[in-house]
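A.B. asks: Before I ask anything, here is the structure I am working with.
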Amino acid sequence: MTAKPSARIYQGTLRNLRFLARKLQQGEIVAVPSETVYGLAGNALNARACRKIFTAKGRPSTDPLIVHIHSLRQLQDVAVINPAALLLAKKFWPGPLTLILPKREVVPDTVTAGLPSVAVRMPSDPLFRRLLKLCGLPLAAPSANPFGYVSPTTAAHVHHGLGLQIDHILDGGPTKIGLESTIVDLRQPAHPRLLRPGAISARELSRTLGVAVRPGLKGTGDSKQAQIAPGSLQRHYSPHARVVLHRRLSLRQAAKGDPADAWLFLQRPPGPARRHLYWFDVAGTAPAIARKLFAMLRQLDHAGYQRIHVELMPGTGLAEAINDRLRRAAAKG
Ligand code: TXA
Ligand code: MG
């Protein structure tokens, strides 16, 4: 048996985009850039194509996929819309917001894990948009990482995790936001629920809707529960190293640590650079931290640390989304 050659990385030329659009139309799967994280895309209307996504990721079939669209017409094709959905779509799309709505019959059960609802998002990344337009299909895409590992924010991350499982990776450079989309459940438009925090905050959503968007069911870490309240698996986005959360890190603590410990500050700590001392960003602003979060966890993981000590981010909005990912990275098995 000959081993499968590893995935090819394509730059976003028109020729390559046309080629990849054809592959998607033929039921193949393609890793694509988005403004949040890289996704692993397949024709959302083709159950066989979507099964390939689950297989490549090692994702349990109980965890539903997000359907990516290019136009509001495609939203109508896959979901039953309501005025609240239209308000949010008009204000935040294309962008990092996923809406949960009742699904239409054309969407196979494979995509929604048998649920009567579907997750939909219109991404803003220019290459992803061009690909969606060229192939003319809604594309189901979860993050392009092996199930449970940290989401990829570069084509190289995708290649590292799934290079042997897939054939095609479209390179759109490092992702702009770095965290997965905000997910809001609009099945009951008068009672919108936040299922996953992201770059668009619950407060912004509430302001646009004119009703408070409250947190949805919290995960229990149990995958059976995750099917009832998908998007809530506790252990997710985890590096192999143990992530230890701190309200604040001090240089004194770091100096006492052993060489298997990495110390990851939000911003550059005072004094000279030292071994095992890392920071996300010189100034520690939330957008910069979000952008670097997953790449940093990967880097320290690959460096062989056993423990990554990291500071939680004070504040609301994007800081809450950052802390959500840090908590999930730190949650145990
Ligand atoms: O930014 C993103 O959302 C990225 C890019 C590629 O679009 N995608 C992403 O997909 O993060 P994934 O599969 O890693 O996370 C999708 C989440 C899952 O937690 C899943 O349970 C939830 O969306 N989800 C999908 N369909 C759902 C549904 N019908 N009801 C509730 N949650 C759903
Ligand atoms: Mg994911």
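Note on naming: chains are A, B, ... as they come in the structure tokens, residues start from 1 per chain, ligands start from 1 in the order shown.
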Please provide the set of residues having any atom within 8 Å of Gly161 of chain A, restricted to only C-alpha atoms, with same-chain residues fewer than 4 positions apart removed, written as a count of residues only.

C.D. replies: 3

A.B. asks: 6 Å from ligand 1 is the threshold here; counting only C-alpha atoms and all ligand atoms, which polymer residues fall inside it? Answer as a list in words.

C.D. replies: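 Final answer, ordered by chain and number: Thr36, Val37, Tyr38, Gly39, Asp63, Pro64, Leu65, Ile66, Ile100, Thr112, Leu115, Ser117, Val118, Ala119, Ala141, Pro142, Ser143, Glu180, Ser181, Pro230 and Gly231 of chain A.
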
A.B. asks: Just the alpha helix (DSSP H) stuff from segment 18-234 of chain A, please, per backbone DSSP, written as a ChimeraX atom specification.

C.D. replies: /A:18-25,47-57,72-78,83-92,109-112,126-135,155-162,202-209,223-228

A.B. asks: Write out as an NGL selection string each polymer residue whose atoms come within 10 Å of segment 320-333 of chain A, counting only C-alpha atoms; drop sequence neighbours fewer than 2 positions from it.

C.D. replies: :A and (148-150 or 178-182 or 196-201 or 221-222 or 232-245 or 286-287 or 289-291 or 293-294 or 297 or 308-318)

A.B. asks: Between A:His168, A:Tyr10, A:Pro192, A:Trp93, which one has atoms that come closest to Gly42 of chain A, using only C-alpha atoms?

C.D. replies: A:His168

A.B. asks: Using only C-alpha atoms, find the one residue out of A:Leu97, A:Arg187, A:Pro138, A:His246 that sits nearest to Pro116 of chain A.

C.D. replies: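 Closest candidate: A:Arg187.
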
A.B. asks: Taking into account only C-alpha atoms and all ligand atoms, which residue in the set A:Pro152, A:Pro5, A:Gly173, A:Gly95 is nearest to ligand 2?

C.D. replies: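 So, comparing all the options, the nearest one is A:Pro152.
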
A.B. asks: With a distance cut-off of 6 Å and only C-alpha atoms, select the neighbouring residues of Gly216 of chain A, excluding the residue or stretch itself and same-chain residues fewer than 5 positions from it, and output the selection as an MDAnalysis selection string.

C.D. replies: chainID A and resid 193:195

A.B. asks: Point out the residue among A:Gly27, A:Arg275, A:Pro83, A:Ala144 with the least atom-to-atom distance to ligand 2, counting only C-alpha atoms and all ligand atoms.

C.D. replies: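 For ligand 2, the nearest of the given residues is A:Ala144.
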
A.B. asks: So which bits of segment 37-283 of chain A end up strand (DSSP E or B) when you DSSP the backbone, as number ranges by chain?

C.D. replies: A: 39-43, 66-68, 79, 97-103, 117-121, 139-140, 143, 168-171, 182-185, 193-196, 214-215, 242-246, 261-267, 277-281

A.B. asks: Output C-alpha atoms for every residue in the selection just made, as a PDB file, in the first residue's frame.

C.D. replies:
```pdb
ATOM      1  CA  GLY A  39     -12.353  25.541   8.181  1.00  0.00           C
ATOM      2  CA  LEU A  40     -12.600  22.134   6.504  1.00  0.00           C
ATOM      3  CA  ALA A  41     -15.261  22.598   3.840  1.00  0.00           C
ATOM      4  CA  GLY A  42     -17.535  20.320   1.843  1.00  0.00           C
ATOM      5  CA  ASN A  43     -20.834  20.656  -0.049  1.00  0.00           C
ATOM      6  CA  ILE A  66     -21.648  25.169  10.546  1.00  0.00           C
ATOM      7  CA  VAL A  67     -23.006  25.901   7.052  1.00  0.00           C
ATOM      8  CA  HIS A  68     -21.256  28.808   5.292  1.00  0.00           C
ATOM      9  CA  ALA A  79     -32.825  27.715   7.193  1.00  0.00           C
ATOM     10  CA  LEU A  97     -21.418  35.414  13.716  1.00  0.00           C
ATOM     11  CA  THR A  98     -23.211  32.054  13.465  1.00  0.00           C
ATOM     12  CA  LEU A  99     -26.992  31.830  13.754  1.00  0.00           C
ATOM     13  CA  ILE A 100     -28.856  28.721  14.894  1.00  0.00           C
ATOM     14  CA  LEU A 101     -32.212  28.451  13.101  1.00  0.00           C
ATOM     15  CA  PRO A 102     -34.708  25.730  12.211  1.00  0.00           C
ATOM     16  CA  LYS A 103     -33.304  23.806   9.252  1.00  0.00           C
ATOM     17  CA  SER A 117     -31.801  23.172  13.603  1.00  0.00           C
ATOM     18  CA  VAL A 118     -28.867  24.346  11.500  1.00  0.00           C
ATOM     19  CA  ALA A 119     -25.923  26.668  12.233  1.00  0.00           C
ATOM     20  CA  VAL A 120     -25.331  29.243   9.463  1.00  0.00           C
ATOM     21  CA  ARG A 121     -22.684  31.874   8.896  1.00  0.00           C
ATOM     22  CA  LEU A 139     -20.345  24.822   2.413  1.00  0.00           C
ATOM     23  CA  ALA A 140     -20.383  22.939   5.699  1.00  0.00           C
ATOM     24  CA  SER A 143     -12.595  24.215  12.210  1.00  0.00           C
ATOM     25  CA  HIS A 168      -6.334  20.471  -0.565  1.00  0.00           C
ATOM     26  CA  ILE A 169      -5.585  23.514   1.580  1.00  0.00           C
ATOM     27  CA  LEU A 170      -6.324  27.052   0.383  1.00  0.00           C
ATOM     28  CA  ASP A 171      -3.860  29.538   1.909  1.00  0.00           C
ATOM     29  CA  THR A 182     -19.901  33.904  18.123  1.00  0.00           C
ATOM     30  CA  ILE A 183     -22.828  31.444  18.067  1.00  0.00           C
ATOM     31  CA  VAL A 184     -26.319  32.681  18.887  1.00  0.00           C
ATOM     32  CA  ASP A 185     -29.396  30.464  19.066  1.00  0.00           C
ATOM     33  CA  ARG A 193     -29.148  32.482  23.616  1.00  0.00           C
ATOM     34  CA  LEU A 194     -25.401  32.825  23.368  1.00  0.00           C
ATOM     35  CA  LEU A 195     -23.928  29.351  22.756  1.00  0.00           C
ATOM     36  CA  ARG A 196     -20.333  30.409  22.167  1.00  0.00           C
ATOM     37  CA  ARG A 214     -28.469  35.396  27.648  1.00  0.00           C
ATOM     38  CA  PRO A 215     -25.934  32.595  27.948  1.00  0.00           C
ATOM     39  CA  ARG A 242      -1.580  21.062  30.636  1.00  0.00           C
ATOM     40  CA  VAL A 243      -2.866  24.624  30.636  1.00  0.00           C
ATOM     41  CA  VAL A 244      -2.893  26.250  34.087  1.00  0.00           C
ATOM     42  CA  LEU A 245      -4.934  29.427  34.460  1.00  0.00           C
ATOM     43  CA  HIS A 246      -3.959  32.345  36.677  1.00  0.00           C
ATOM     44  CA  ASP A 261       6.816  25.126  32.757  1.00  0.00           C
ATOM     45  CA  ALA A 262       6.122  27.895  30.253  1.00  0.00           C
ATOM     46  CA  TRP A 263       4.888  31.262  31.571  1.00  0.00           C
ATOM     47  CA  LEU A 264       2.619  33.076  29.171  1.00  0.00           C
ATOM     48  CA  PHE A 265       1.853  36.697  30.036  1.00  0.00           C
ATOM     49  CA  LEU A 266      -0.816  38.787  28.313  1.00  0.00           C
ATOM     50  CA  GLN A 267       1.644  41.579  27.712  1.00  0.00           C
ATOM     51  CA  LEU A 277       8.911  33.528  29.613  1.00  0.00           C
ATOM     52  CA  TYR A 278       6.466  34.374  26.849  1.00  0.00           C
ATOM     53  CA  TRP A 279       3.868  37.014  26.101  1.00  0.00           C
ATOM     54  CA  PHE A 280       1.099  37.364  23.544  1.00  0.00           C
ATOM     55  CA  ASP A 281       1.582  40.965  22.660  1.00  0.00           C
TER      56      ASP A 281
END
```

A.B. asks: Between A:Ile53, A:Ala156, A:Leu45, A:Ala31, which is the closest to Arg104 of chain A once you count only C-alpha atoms?

C.D. replies: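 With only C-alpha atoms as the atom set, the closest residue is A:Leu45.
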